[in-house]
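Coordinates as given in entry26.cif (mmCIF, N, CA and C atoms):
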```
data_final
loop_
_atom_site.label_atom_id
_atom_site.label_comp_id
_atom_site.auth_asym_id
_atom_site.auth_seq_id
_atom_site.Cartn_x
_atom_site.Cartn_y
_atom_site.Cartn_z
N MET M 1 -13.59 3.39 -6.00
CA MET M 1 -13.53 2.08 -6.62
C MET M 1 -12.32 1.96 -7.55
N THR M 2 -11.19 2.52 -7.15
CA THR M 2 -9.98 2.44 -7.94
C THR M 2 -9.38 1.05 -7.84
N ARG M 3 -8.92 0.53 -8.95
CA ARG M 3 -8.25 -0.76 -8.96
C ARG M 3 -6.79 -0.55 -8.63
N VAL M 4 -6.24 -1.44 -7.81
CA VAL M 4 -4.84 -1.35 -7.43
C VAL M 4 -4.14 -2.67 -7.76
N ARG M 5 -2.83 -2.62 -7.84
CA ARG M 5 -2.01 -3.80 -8.10
C ARG M 5 -1.34 -4.19 -6.79
N VAL M 6 -1.51 -5.43 -6.37
CA VAL M 6 -0.87 -5.91 -5.14
C VAL M 6 0.57 -6.26 -5.47
N VAL M 7 1.52 -5.62 -4.77
CA VAL M 7 2.93 -5.81 -5.09
C VAL M 7 3.67 -6.64 -4.05
N ASP M 8 2.95 -7.30 -3.15
CA ASP M 8 3.61 -8.23 -2.23
C ASP M 8 3.28 -9.66 -2.66
N ASN M 9 3.88 -10.63 -1.98
CA ASN M 9 3.67 -12.02 -2.39
C ASN M 9 2.67 -12.74 -1.50
N SER M 10 1.66 -12.05 -1.00
CA SER M 10 0.62 -12.70 -0.19
C SER M 10 -0.23 -13.59 -1.09
N GLU M 11 -0.75 -14.67 -0.51
CA GLU M 11 -1.51 -15.66 -1.29
C GLU M 11 -2.77 -15.05 -1.88
N ILE M 12 -3.52 -14.30 -1.10
CA ILE M 12 -4.78 -13.73 -1.59
C ILE M 12 -4.53 -12.68 -2.66
N GLY M 13 -3.45 -11.93 -2.53
CA GLY M 13 -3.12 -10.92 -3.52
C GLY M 13 -2.70 -11.53 -4.85
N LYS M 14 -1.87 -12.59 -4.78
CA LYS M 14 -1.43 -13.27 -6.00
C LYS M 14 -2.60 -13.92 -6.71
N ALA M 15 -3.50 -14.55 -5.94
CA ALA M 15 -4.65 -15.24 -6.54
C ALA M 15 -5.57 -14.24 -7.24
N ALA M 16 -5.78 -13.09 -6.63
CA ALA M 16 -6.65 -12.07 -7.24
C ALA M 16 -6.06 -11.54 -8.53
N MET M 17 -4.75 -11.30 -8.54
CA MET M 17 -4.11 -10.78 -9.75
C MET M 17 -4.09 -11.83 -10.87
N LEU M 18 -3.92 -13.11 -10.53
CA LEU M 18 -3.92 -14.16 -11.54
C LEU M 18 -5.31 -14.39 -12.12
N ASP M 19 -6.35 -14.18 -11.32
CA ASP M 19 -7.73 -14.34 -11.79
C ASP M 19 -8.16 -13.18 -12.68
N GLY M 20 -7.39 -12.11 -12.72
CA GLY M 20 -7.75 -10.95 -13.52
C GLY M 20 -8.75 -10.04 -12.83
N LYS M 21 -8.93 -10.21 -11.52
CA LYS M 21 -9.83 -9.36 -10.74
C LYS M 21 -9.01 -8.66 -9.66
N PRO M 22 -8.37 -7.54 -10.00
CA PRO M 22 -7.53 -6.87 -9.01
C PRO M 22 -8.36 -6.25 -7.89
N PRO M 23 -7.75 -6.03 -6.74
CA PRO M 23 -8.47 -5.42 -5.62
C PRO M 23 -8.94 -4.01 -5.95
N LYS M 24 -10.03 -3.61 -5.30
CA LYS M 24 -10.57 -2.27 -5.49
C LYS M 24 -10.59 -1.55 -4.15
N ILE M 25 -10.24 -0.27 -4.18
CA ILE M 25 -10.28 0.55 -2.97
C ILE M 25 -11.73 0.95 -2.71
N ILE M 26 -12.20 0.71 -1.47
CA ILE M 26 -13.57 1.08 -1.14
C ILE M 26 -13.64 2.16 -0.05
N HIS M 27 -12.51 2.39 0.66
CA HIS M 27 -12.50 3.44 1.68
C HIS M 27 -11.07 3.92 1.88
N ILE M 28 -10.91 5.21 2.15
CA ILE M 28 -9.60 5.80 2.39
C ILE M 28 -9.59 6.38 3.80
N TYR M 29 -8.62 5.97 4.62
CA TYR M 29 -8.50 6.48 5.99
C TYR M 29 -7.70 7.77 5.96
N SER M 30 -8.29 8.83 5.43
CA SER M 30 -7.61 10.11 5.30
C SER M 30 -8.66 11.21 5.35
N LYS M 31 -8.23 12.42 5.61
CA LYS M 31 -9.17 13.53 5.68
C LYS M 31 -9.44 14.15 4.31
N ILE M 32 -8.63 13.82 3.32
CA ILE M 32 -8.89 14.31 1.97
C ILE M 32 -9.65 13.24 1.19
N LYS M 33 -10.22 13.62 0.06
CA LYS M 33 -11.14 12.72 -0.63
C LYS M 33 -10.46 11.71 -1.55
N TYR M 34 -9.14 11.77 -1.67
CA TYR M 34 -8.45 10.80 -2.52
C TYR M 34 -7.21 10.31 -1.81
N GLY M 35 -6.74 9.14 -2.20
CA GLY M 35 -5.58 8.54 -1.55
C GLY M 35 -4.29 8.90 -2.26
N VAL M 36 -3.24 9.11 -1.49
CA VAL M 36 -1.92 9.38 -2.03
C VAL M 36 -0.96 8.32 -1.48
N THR M 37 0.26 8.36 -1.95
CA THR M 37 1.26 7.38 -1.52
C THR M 37 1.47 7.46 -0.01
N GLY M 38 1.37 6.31 0.65
CA GLY M 38 1.54 6.24 2.10
C GLY M 38 0.24 6.19 2.88
N ASP M 39 -0.91 6.35 2.22
CA ASP M 39 -2.20 6.33 2.92
C ASP M 39 -2.65 4.89 3.19
N LYS M 40 -3.40 4.74 4.26
CA LYS M 40 -4.00 3.46 4.60
C LYS M 40 -5.39 3.41 3.98
N VAL M 41 -5.71 2.30 3.32
CA VAL M 41 -6.98 2.17 2.62
C VAL M 41 -7.63 0.83 2.95
N LEU M 42 -8.91 0.73 2.66
CA LEU M 42 -9.65 -0.52 2.79
C LEU M 42 -9.95 -1.02 1.39
N VAL M 43 -9.53 -2.24 1.09
CA VAL M 43 -9.73 -2.80 -0.25
C VAL M 43 -10.56 -4.06 -0.15
N THR M 44 -11.19 -4.42 -1.27
CA THR M 44 -11.90 -5.67 -1.35
C THR M 44 -11.14 -6.59 -2.29
N VAL M 45 -10.78 -7.77 -1.78
CA VAL M 45 -9.99 -8.74 -2.52
C VAL M 45 -10.74 -10.06 -2.51
N LYS M 46 -11.18 -10.51 -3.67
CA LYS M 46 -11.88 -11.80 -3.80
C LYS M 46 -13.03 -11.91 -2.80
N GLY M 47 -13.79 -10.84 -2.62
CA GLY M 47 -14.95 -10.85 -1.74
C GLY M 47 -14.64 -10.60 -0.27
N GLU M 48 -13.39 -10.43 0.10
CA GLU M 48 -13.00 -10.15 1.48
C GLU M 48 -12.50 -8.73 1.59
N MET M 49 -12.74 -8.11 2.75
CA MET M 49 -12.24 -6.76 2.98
C MET M 49 -10.92 -6.84 3.73
N LYS M 50 -9.89 -6.21 3.18
CA LYS M 50 -8.56 -6.19 3.78
C LYS M 50 -8.07 -4.75 3.82
N LYS M 51 -7.13 -4.47 4.72
CA LYS M 51 -6.51 -3.15 4.76
C LYS M 51 -5.22 -3.20 3.96
N ALA M 52 -4.83 -2.05 3.41
CA ALA M 52 -3.63 -1.97 2.58
C ALA M 52 -3.00 -0.60 2.75
N ILE M 53 -1.74 -0.51 2.34
CA ILE M 53 -0.99 0.74 2.31
C ILE M 53 -0.66 1.02 0.85
N ILE M 54 -0.97 2.23 0.38
CA ILE M 54 -0.64 2.61 -1.00
C ILE M 54 0.86 2.91 -1.04
N VAL M 55 1.60 2.22 -1.91
CA VAL M 55 3.04 2.44 -2.02
C VAL M 55 3.43 3.04 -3.37
N GLY M 56 2.47 3.34 -4.22
CA GLY M 56 2.77 3.99 -5.49
C GLY M 56 1.50 4.44 -6.17
N CYS M 57 1.49 5.67 -6.68
CA CYS M 57 0.31 6.24 -7.33
C CYS M 57 0.62 6.62 -8.77
N HIS M 58 -0.40 6.55 -9.61
CA HIS M 58 -0.26 6.91 -11.01
C HIS M 58 -0.47 8.41 -11.24
N GLN M 59 -1.16 9.07 -10.32
CA GLN M 59 -1.50 10.49 -10.50
C GLN M 59 -0.26 11.37 -10.39
N GLU M 60 -0.38 12.61 -10.80
CA GLU M 60 0.72 13.56 -10.70
C GLU M 60 1.11 13.74 -9.24
N GLN M 61 2.42 13.77 -8.97
CA GLN M 61 2.92 13.83 -7.61
C GLN M 61 3.60 15.17 -7.35
N LYS M 62 3.87 15.44 -6.08
CA LYS M 62 4.64 16.61 -5.70
C LYS M 62 6.09 16.42 -6.13
N ALA M 63 6.90 17.44 -5.94
CA ALA M 63 8.31 17.36 -6.33
C ALA M 63 9.03 16.28 -5.52
N PHE M 64 9.92 15.56 -6.18
CA PHE M 64 10.76 14.52 -5.59
C PHE M 64 10.00 13.30 -5.10
N ILE M 65 8.75 13.14 -5.53
CA ILE M 65 7.99 11.93 -5.24
C ILE M 65 7.76 11.23 -6.57
N PRO M 66 8.21 9.99 -6.72
CA PRO M 66 8.12 9.33 -8.03
C PRO M 66 6.69 9.00 -8.42
N LYS M 67 6.42 9.05 -9.72
CA LYS M 67 5.14 8.67 -10.29
C LYS M 67 5.29 7.27 -10.87
N PHE M 68 4.34 6.39 -10.63
CA PHE M 68 4.41 5.01 -11.08
C PHE M 68 3.47 4.79 -12.27
N ASP M 69 3.65 3.66 -12.95
CA ASP M 69 2.80 3.32 -14.09
C ASP M 69 1.45 2.78 -13.64
N SER M 70 1.35 2.31 -12.41
CA SER M 70 0.10 1.77 -11.89
C SER M 70 -0.03 2.14 -10.42
N ASN M 71 -1.23 1.94 -9.88
CA ASN M 71 -1.47 2.18 -8.46
C ASN M 71 -1.08 0.91 -7.71
N ASN M 72 -0.09 1.00 -6.84
CA ASN M 72 0.44 -0.17 -6.13
C ASN M 72 0.04 -0.13 -4.66
N ALA M 73 -0.22 -1.32 -4.09
CA ALA M 73 -0.59 -1.40 -2.68
C ALA M 73 0.00 -2.67 -2.08
N VAL M 74 0.22 -2.62 -0.76
CA VAL M 74 0.70 -3.76 0.01
C VAL M 74 -0.37 -4.09 1.04
N LEU M 75 -0.82 -5.34 1.08
CA LEU M 75 -1.85 -5.76 2.03
C LEU M 75 -1.26 -5.90 3.42
N VAL M 76 -1.98 -5.38 4.43
CA VAL M 76 -1.54 -5.48 5.83
C VAL M 76 -2.71 -5.99 6.67
N ASP M 77 -2.40 -6.52 7.86
CA ASP M 77 -3.47 -6.94 8.76
C ASP M 77 -3.80 -5.81 9.73
N GLU M 78 -4.59 -6.11 10.75
CA GLU M 78 -5.09 -5.08 11.66
C GLU M 78 -3.98 -4.36 12.43
N ASN M 79 -2.89 -5.09 12.78
CA ASN M 79 -1.84 -4.45 13.57
C ASN M 79 -0.70 -3.93 12.71
N GLY M 80 -0.88 -3.86 11.39
CA GLY M 80 0.09 -3.23 10.52
C GLY M 80 1.14 -4.15 9.94
N SER M 81 1.09 -5.44 10.26
CA SER M 81 2.06 -6.38 9.70
C SER M 81 1.65 -6.75 8.28
N PRO M 82 2.60 -6.80 7.36
CA PRO M 82 2.25 -7.18 5.98
C PRO M 82 1.85 -8.64 5.90
N LEU M 83 0.91 -8.95 4.99
CA LEU M 83 0.47 -10.33 4.81
C LEU M 83 1.49 -11.15 4.04
N GLY M 84 2.27 -10.51 3.19
CA GLY M 84 3.30 -11.21 2.43
C GLY M 84 4.64 -11.14 3.14
N THR M 85 5.63 -11.83 2.53
CA THR M 85 6.96 -11.83 3.11
C THR M 85 7.96 -11.02 2.30
N ARG M 86 7.53 -10.52 1.14
CA ARG M 86 8.42 -9.76 0.28
C ARG M 86 7.61 -8.77 -0.54
N ILE M 87 8.18 -7.59 -0.80
CA ILE M 87 7.56 -6.61 -1.69
C ILE M 87 8.31 -6.65 -3.01
N LEU M 88 7.57 -6.85 -4.10
CA LEU M 88 8.17 -7.13 -5.39
C LEU M 88 8.42 -5.89 -6.23
N ALA M 89 7.93 -4.74 -5.84
CA ALA M 89 8.11 -3.50 -6.61
C ALA M 89 8.88 -2.50 -5.75
N PRO M 90 9.57 -1.56 -6.39
CA PRO M 90 10.28 -0.54 -5.59
C PRO M 90 9.30 0.40 -4.91
N ILE M 91 9.65 0.85 -3.71
CA ILE M 91 8.80 1.80 -2.99
C ILE M 91 9.59 3.09 -2.79
N PRO M 92 8.91 4.23 -2.72
CA PRO M 92 9.61 5.52 -2.57
C PRO M 92 10.32 5.63 -1.22
N THR M 93 11.45 6.30 -1.21
CA THR M 93 12.23 6.43 0.03
C THR M 93 11.56 7.33 1.06
N PHE M 94 10.72 8.28 0.61
CA PHE M 94 10.08 9.17 1.58
C PHE M 94 9.06 8.42 2.44
N LEU M 95 8.69 7.19 2.04
CA LEU M 95 7.76 6.40 2.86
C LEU M 95 8.39 5.99 4.18
N ARG M 96 9.70 5.93 4.25
CA ARG M 96 10.35 5.58 5.51
C ARG M 96 9.93 6.56 6.61
N LYS M 97 10.01 7.84 6.31
CA LYS M 97 9.65 8.86 7.30
C LYS M 97 8.14 8.85 7.58
N LYS M 98 7.34 8.75 6.53
CA LYS M 98 5.88 8.81 6.70
C LYS M 98 5.35 7.61 7.48
N LEU M 99 5.85 6.40 7.19
CA LEU M 99 5.36 5.21 7.88
C LEU M 99 5.85 5.15 9.32
N LYS M 100 7.03 5.69 9.60
CA LYS M 100 7.50 5.74 10.99
C LYS M 100 6.64 6.69 11.81
N GLU M 101 6.15 7.77 11.19
CA GLU M 101 5.27 8.69 11.90
C GLU M 101 3.90 8.06 12.14
N MET M 102 3.45 7.20 11.21
CA MET M 102 2.15 6.55 11.36
C MET M 102 2.17 5.45 12.41
N SER M 103 3.33 4.87 12.70
CA SER M 103 3.45 3.77 13.66
C SER M 103 3.27 4.29 15.08
N ARG M 104 2.56 3.50 15.88
CA ARG M 104 2.36 3.84 17.28
C ARG M 104 2.88 2.70 18.14
N SER M 105 3.25 3.02 19.37
CA SER M 105 3.84 1.99 20.24
C SER M 105 2.84 0.89 20.57
N LYS M 106 1.59 1.23 20.83
CA LYS M 106 0.59 0.22 21.17
C LYS M 106 -0.35 -0.07 20.01
N GLY M 107 -0.21 0.65 18.90
CA GLY M 107 -1.08 0.45 17.75
C GLY M 107 -0.38 -0.29 16.63
N ALA M 108 -0.63 0.15 15.44
CA ALA M 108 -0.06 -0.51 14.27
C ALA M 108 1.41 -0.17 14.12
N ASP M 109 2.19 -1.15 13.67
CA ASP M 109 3.62 -0.98 13.46
C ASP M 109 3.93 -1.19 11.98
N TYR M 110 4.13 -0.10 11.25
CA TYR M 110 4.34 -0.17 9.81
C TYR M 110 5.82 -0.28 9.43
N THR M 111 6.71 -0.33 10.42
CA THR M 111 8.13 -0.44 10.09
C THR M 111 8.46 -1.83 9.54
N LYS M 112 7.64 -2.82 9.81
CA LYS M 112 7.85 -4.16 9.25
C LYS M 112 7.72 -4.12 7.73
N LEU M 113 6.84 -3.26 7.25
CA LEU M 113 6.66 -3.11 5.80
C LEU M 113 7.94 -2.59 5.15
N LEU M 114 8.64 -1.71 5.84
CA LEU M 114 9.88 -1.17 5.32
C LEU M 114 10.99 -2.23 5.29
N SER M 115 10.96 -3.15 6.24
CA SER M 115 12.04 -4.13 6.33
C SER M 115 11.94 -5.21 5.26
N ILE M 116 10.75 -5.48 4.72
CA ILE M 116 10.63 -6.54 3.71
C ILE M 116 10.74 -5.97 2.28
N ALA M 117 10.88 -4.67 2.16
CA ALA M 117 11.04 -4.09 0.83
C ALA M 117 12.43 -4.40 0.29
N THR M 118 12.49 -4.74 -1.00
CA THR M 118 13.77 -5.11 -1.59
C THR M 118 14.45 -3.92 -2.28
N ARG M 119 13.65 -3.01 -2.83
CA ARG M 119 14.22 -1.88 -3.56
C ARG M 119 13.52 -0.59 -3.16
N TYR M 120 14.29 0.49 -3.15
CA TYR M 120 13.76 1.83 -2.89
C TYR M 120 14.06 2.72 -4.10
N VAL M 121 13.15 3.66 -4.36
CA VAL M 121 13.34 4.61 -5.46
C VAL M 121 13.51 6.00 -4.88
#
```

Using structure tokens, write down the structure from this file.
Amino acid sequence: MTRVRVVDNSEIGKAAMLDGKPPKIIHIYSKIKYGVTGDKVLVTVKGEMKKAIIVGCHQEQKAFIPKFDSNNAVLVDENGSPLGTRILAPIPTFLRKKLKEMSRSKGADYTKLLSIATRYV
């Protein structure tokens, strides 16, 4: 039930942040019990369940992975396309490699998320 900050400009994400009720993580699609940068998660936003990609974590990170002041996420739909048209916070450069590995030819395509990012750290 970790609260995350939506860093894209999707309508549902902006409305939730303005209402003061940020999205909460309810499931992590990973084999470990906690989410790290680059993991796909299921969040609840204003009573709806949406999928998201974690693009920044507050916890201690491995070497050369930046630590952020808050837990950041970008909302995506079922096929991996971002719901917003722009990402407003910097994302780590190592996500380029990780998201390209997660993309499948007939499945989700996460490279669109990389193309709408404005800044890399």

Please expand the PyMOL selection byres ((chain M and resi 42-55) around 6) into the concrete residues it hits in this file, giving the result as a list in words.
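Written out, the selection comes to Ala16, Pro23, Lys24, Ile25, Ile26, His27, Ile28, Tyr29, Val36, Thr37, Gly38, Asp39, Lys40, Val41, Gly56, Cys57, Asn72, Ala73, Val74, Leu75, Val76, Asp77, Ile91 and Pro92 of chain M.
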
Next, the residues of the selection above should be written as a PDB file, in the coordinates of the input with N, CA and C atoms.
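part37.pdb, freshly written:
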```pdb
ATOM      1  N   ALA M  16      -5.780 -13.090  -6.630  1.00  0.00           N
ATOM      2  CA  ALA M  16      -6.650 -12.070  -7.240  1.00  0.00           C
ATOM      3  C   ALA M  16      -6.060 -11.540  -8.530  1.00  0.00           C
ATOM      4  N   PRO M  23      -7.750  -6.030  -6.740  1.00  0.00           N
ATOM      5  CA  PRO M  23      -8.470  -5.420  -5.620  1.00  0.00           C
ATOM      6  C   PRO M  23      -8.940  -4.010  -5.950  1.00  0.00           C
ATOM      7  N   LYS M  24     -10.030  -3.610  -5.300  1.00  0.00           N
ATOM      8  CA  LYS M  24     -10.570  -2.270  -5.490  1.00  0.00           C
ATOM      9  C   LYS M  24     -10.590  -1.550  -4.150  1.00  0.00           C
ATOM     10  N   ILE M  25     -10.240  -0.270  -4.180  1.00  0.00           N
ATOM     11  CA  ILE M  25     -10.280   0.550  -2.970  1.00  0.00           C
ATOM     12  C   ILE M  25     -11.730   0.950  -2.710  1.00  0.00           C
ATOM     13  N   ILE M  26     -12.200   0.710  -1.470  1.00  0.00           N
ATOM     14  CA  ILE M  26     -13.570   1.080  -1.140  1.00  0.00           C
ATOM     15  C   ILE M  26     -13.640   2.160  -0.050  1.00  0.00           C
ATOM     16  N   HIS M  27     -12.510   2.390   0.660  1.00  0.00           N
ATOM     17  CA  HIS M  27     -12.500   3.440   1.680  1.00  0.00           C
ATOM     18  C   HIS M  27     -11.070   3.920   1.880  1.00  0.00           C
ATOM     19  N   ILE M  28     -10.910   5.210   2.150  1.00  0.00           N
ATOM     20  CA  ILE M  28      -9.600   5.800   2.390  1.00  0.00           C
ATOM     21  C   ILE M  28      -9.590   6.380   3.800  1.00  0.00           C
ATOM     22  N   TYR M  29      -8.620   5.970   4.620  1.00  0.00           N
ATOM     23  CA  TYR M  29      -8.500   6.480   5.990  1.00  0.00           C
ATOM     24  C   TYR M  29      -7.700   7.770   5.960  1.00  0.00           C
ATOM     25  N   VAL M  36      -3.240   9.110  -1.490  1.00  0.00           N
ATOM     26  CA  VAL M  36      -1.920   9.380  -2.030  1.00  0.00           C
ATOM     27  C   VAL M  36      -0.960   8.320  -1.480  1.00  0.00           C
ATOM     28  N   THR M  37       0.260   8.360  -1.950  1.00  0.00           N
ATOM     29  CA  THR M  37       1.260   7.380  -1.520  1.00  0.00           C
ATOM     30  C   THR M  37       1.470   7.460  -0.010  1.00  0.00           C
ATOM     31  N   GLY M  38       1.370   6.310   0.650  1.00  0.00           N
ATOM     32  CA  GLY M  38       1.540   6.240   2.100  1.00  0.00           C
ATOM     33  C   GLY M  38       0.240   6.190   2.880  1.00  0.00           C
ATOM     34  N   ASP M  39      -0.910   6.350   2.220  1.00  0.00           N
ATOM     35  CA  ASP M  39      -2.200   6.330   2.920  1.00  0.00           C
ATOM     36  C   ASP M  39      -2.650   4.890   3.190  1.00  0.00           C
ATOM     37  N   LYS M  40      -3.400   4.740   4.260  1.00  0.00           N
ATOM     38  CA  LYS M  40      -4.000   3.460   4.600  1.00  0.00           C
ATOM     39  C   LYS M  40      -5.390   3.410   3.980  1.00  0.00           C
ATOM     40  N   VAL M  41      -5.710   2.300   3.320  1.00  0.00           N
ATOM     41  CA  VAL M  41      -6.980   2.170   2.620  1.00  0.00           C
ATOM     42  C   VAL M  41      -7.630   0.830   2.950  1.00  0.00           C
ATOM     43  N   GLY M  56       2.470   3.340  -4.220  1.00  0.00           N
ATOM     44  CA  GLY M  56       2.770   3.990  -5.490  1.00  0.00           C
ATOM     45  C   GLY M  56       1.500   4.440  -6.170  1.00  0.00           C
ATOM     46  N   CYS M  57       1.490   5.670  -6.680  1.00  0.00           N
ATOM     47  CA  CYS M  57       0.310   6.240  -7.330  1.00  0.00           C
ATOM     48  C   CYS M  57       0.620   6.620  -8.770  1.00  0.00           C
ATOM     49  N   ASN M  72      -0.090   1.000  -6.840  1.00  0.00           N
ATOM     50  CA  ASN M  72       0.440  -0.170  -6.130  1.00  0.00           C
ATOM     51  C   ASN M  72       0.040  -0.130  -4.660  1.00  0.00           C
ATOM     52  N   ALA M  73      -0.220  -1.320  -4.090  1.00  0.00           N
ATOM     53  CA  ALA M  73      -0.590  -1.400  -2.680  1.00  0.00           C
ATOM     54  C   ALA M  73       0.000  -2.670  -2.080  1.00  0.00           C
ATOM     55  N   VAL M  74       0.220  -2.620  -0.760  1.00  0.00           N
ATOM     56  CA  VAL M  74       0.700  -3.760   0.010  1.00  0.00           C
ATOM     57  C   VAL M  74      -0.370  -4.090   1.040  1.00  0.00           C
ATOM     58  N   LEU M  75      -0.820  -5.340   1.080  1.00  0.00           N
ATOM     59  CA  LEU M  75      -1.850  -5.760   2.030  1.00  0.00           C
ATOM     60  C   LEU M  75      -1.260  -5.900   3.420  1.00  0.00           C
ATOM     61  N   VAL M  76      -1.980  -5.380   4.430  1.00  0.00           N
ATOM     62  CA  VAL M  76      -1.540  -5.480   5.830  1.00  0.00           C
ATOM     63  C   VAL M  76      -2.710  -5.990   6.670  1.00  0.00           C
ATOM     64  N   ASP M  77      -2.400  -6.520   7.860  1.00  0.00           N
ATOM     65  CA  ASP M  77      -3.470  -6.940   8.760  1.00  0.00           C
ATOM     66  C   ASP M  77      -3.800  -5.810   9.730  1.00  0.00           C
ATOM     67  N   ILE M  91       9.650   0.850  -3.710  1.00  0.00           N
ATOM     68  CA  ILE M  91       8.800   1.800  -2.990  1.00  0.00           C
ATOM     69  C   ILE M  91       9.590   3.090  -2.790  1.00  0.00           C
ATOM     70  N   PRO M  92       8.910   4.230  -2.720  1.00  0.00           N
ATOM     71  CA  PRO M  92       9.610   5.520  -2.570  1.00  0.00           C
ATOM     72  C   PRO M  92      10.320   5.630  -1.220  1.00  0.00           C
TER      73      PRO M  92
END
```

Report as JSON, numbers by chain all protein, DNA and RNA residues lying within 8 Å of Gln59 in chain M, evaluated on all atoms listed in the file, omitting residues in the same chain fewer than 4 positions from it.
{"M": [66, 67, 68, 69, 70, 71]}

Considering only C-alpha atoms, state which residue in the set M:Ser81, M:Ser103, M:Thr93, M:Ser30 is at the smallest distance from Phe64 in chain M.
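Looking only at the distances to Phe64 in chain M, the closest residue turns out to be M:Thr93.
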
Between M:Tyr34, M:Arg3, M:Lys112, M:Gly84, which residue has the minimum interatomic distance to Lys21 in chain M, considering only C-alpha atoms?
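For Lys21 in chain M, the nearest of the given residues is M:Arg3.
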
Among range 21-114 of chain M, which ones does DSSP assign to helix (DSSP H, G or I) (computed from the backbone)? Answer as an NGL selection string.
:M and (95-102 or 111-114)

How would the residues just chosen look if you wrote them out with N, CA and C atoms as a PDB file, in the frame of the given file?
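What ended up in out-v4.pdb:
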```pdb
ATOM      1  N   LEU M  95       8.690   7.190   2.040  1.00  0.00           N
ATOM      2  CA  LEU M  95       7.760   6.400   2.860  1.00  0.00           C
ATOM      3  C   LEU M  95       8.390   5.990   4.180  1.00  0.00           C
ATOM      4  N   ARG M  96       9.700   5.930   4.250  1.00  0.00           N
ATOM      5  CA  ARG M  96      10.350   5.580   5.510  1.00  0.00           C
ATOM      6  C   ARG M  96       9.930   6.560   6.610  1.00  0.00           C
ATOM      7  N   LYS M  97      10.010   7.840   6.310  1.00  0.00           N
ATOM      8  CA  LYS M  97       9.650   8.860   7.300  1.00  0.00           C
ATOM      9  C   LYS M  97       8.140   8.850   7.580  1.00  0.00           C
ATOM     10  N   LYS M  98       7.340   8.750   6.530  1.00  0.00           N
ATOM     11  CA  LYS M  98       5.880   8.810   6.700  1.00  0.00           C
ATOM     12  C   LYS M  98       5.350   7.610   7.480  1.00  0.00           C
ATOM     13  N   LEU M  99       5.850   6.400   7.190  1.00  0.00           N
ATOM     14  CA  LEU M  99       5.360   5.210   7.880  1.00  0.00           C
ATOM     15  C   LEU M  99       5.850   5.150   9.320  1.00  0.00           C
ATOM     16  N   LYS M 100       7.030   5.690   9.600  1.00  0.00           N
ATOM     17  CA  LYS M 100       7.500   5.740  10.990  1.00  0.00           C
ATOM     18  C   LYS M 100       6.640   6.690  11.810  1.00  0.00           C
ATOM     19  N   GLU M 101       6.150   7.770  11.190  1.00  0.00           N
ATOM     20  CA  GLU M 101       5.270   8.690  11.900  1.00  0.00           C
ATOM     21  C   GLU M 101       3.900   8.060  12.140  1.00  0.00           C
ATOM     22  N   MET M 102       3.450   7.200  11.210  1.00  0.00           N
ATOM     23  CA  MET M 102       2.150   6.550  11.360  1.00  0.00           C
ATOM     24  C   MET M 102       2.170   5.450  12.410  1.00  0.00           C
ATOM     25  N   THR M 111       6.710  -0.330  10.420  1.00  0.00           N
ATOM     26  CA  THR M 111       8.130  -0.440  10.090  1.00  0.00           C
ATOM     27  C   THR M 111       8.460  -1.830   9.540  1.00  0.00           C
ATOM     28  N   LYS M 112       7.640  -2.820   9.810  1.00  0.00           N
ATOM     29  CA  LYS M 112       7.850  -4.160   9.250  1.00  0.00           C
ATOM     30  C   LYS M 112       7.720  -4.120   7.730  1.00  0.00           C
ATOM     31  N   LEU M 113       6.840  -3.260   7.250  1.00  0.00           N
ATOM     32  CA  LEU M 113       6.660  -3.110   5.800  1.00  0.00           C
ATOM     33  C   LEU M 113       7.940  -2.590   5.150  1.00  0.00           C
ATOM     34  N   LEU M 114       8.640  -1.710   5.840  1.00  0.00           N
ATOM     35  CA  LEU M 114       9.880  -1.170   5.320  1.00  0.00           C
ATOM     36  C   LEU M 114      10.990  -2.230   5.290  1.00  0.00           C
TER      37      LEU M 114
END
```
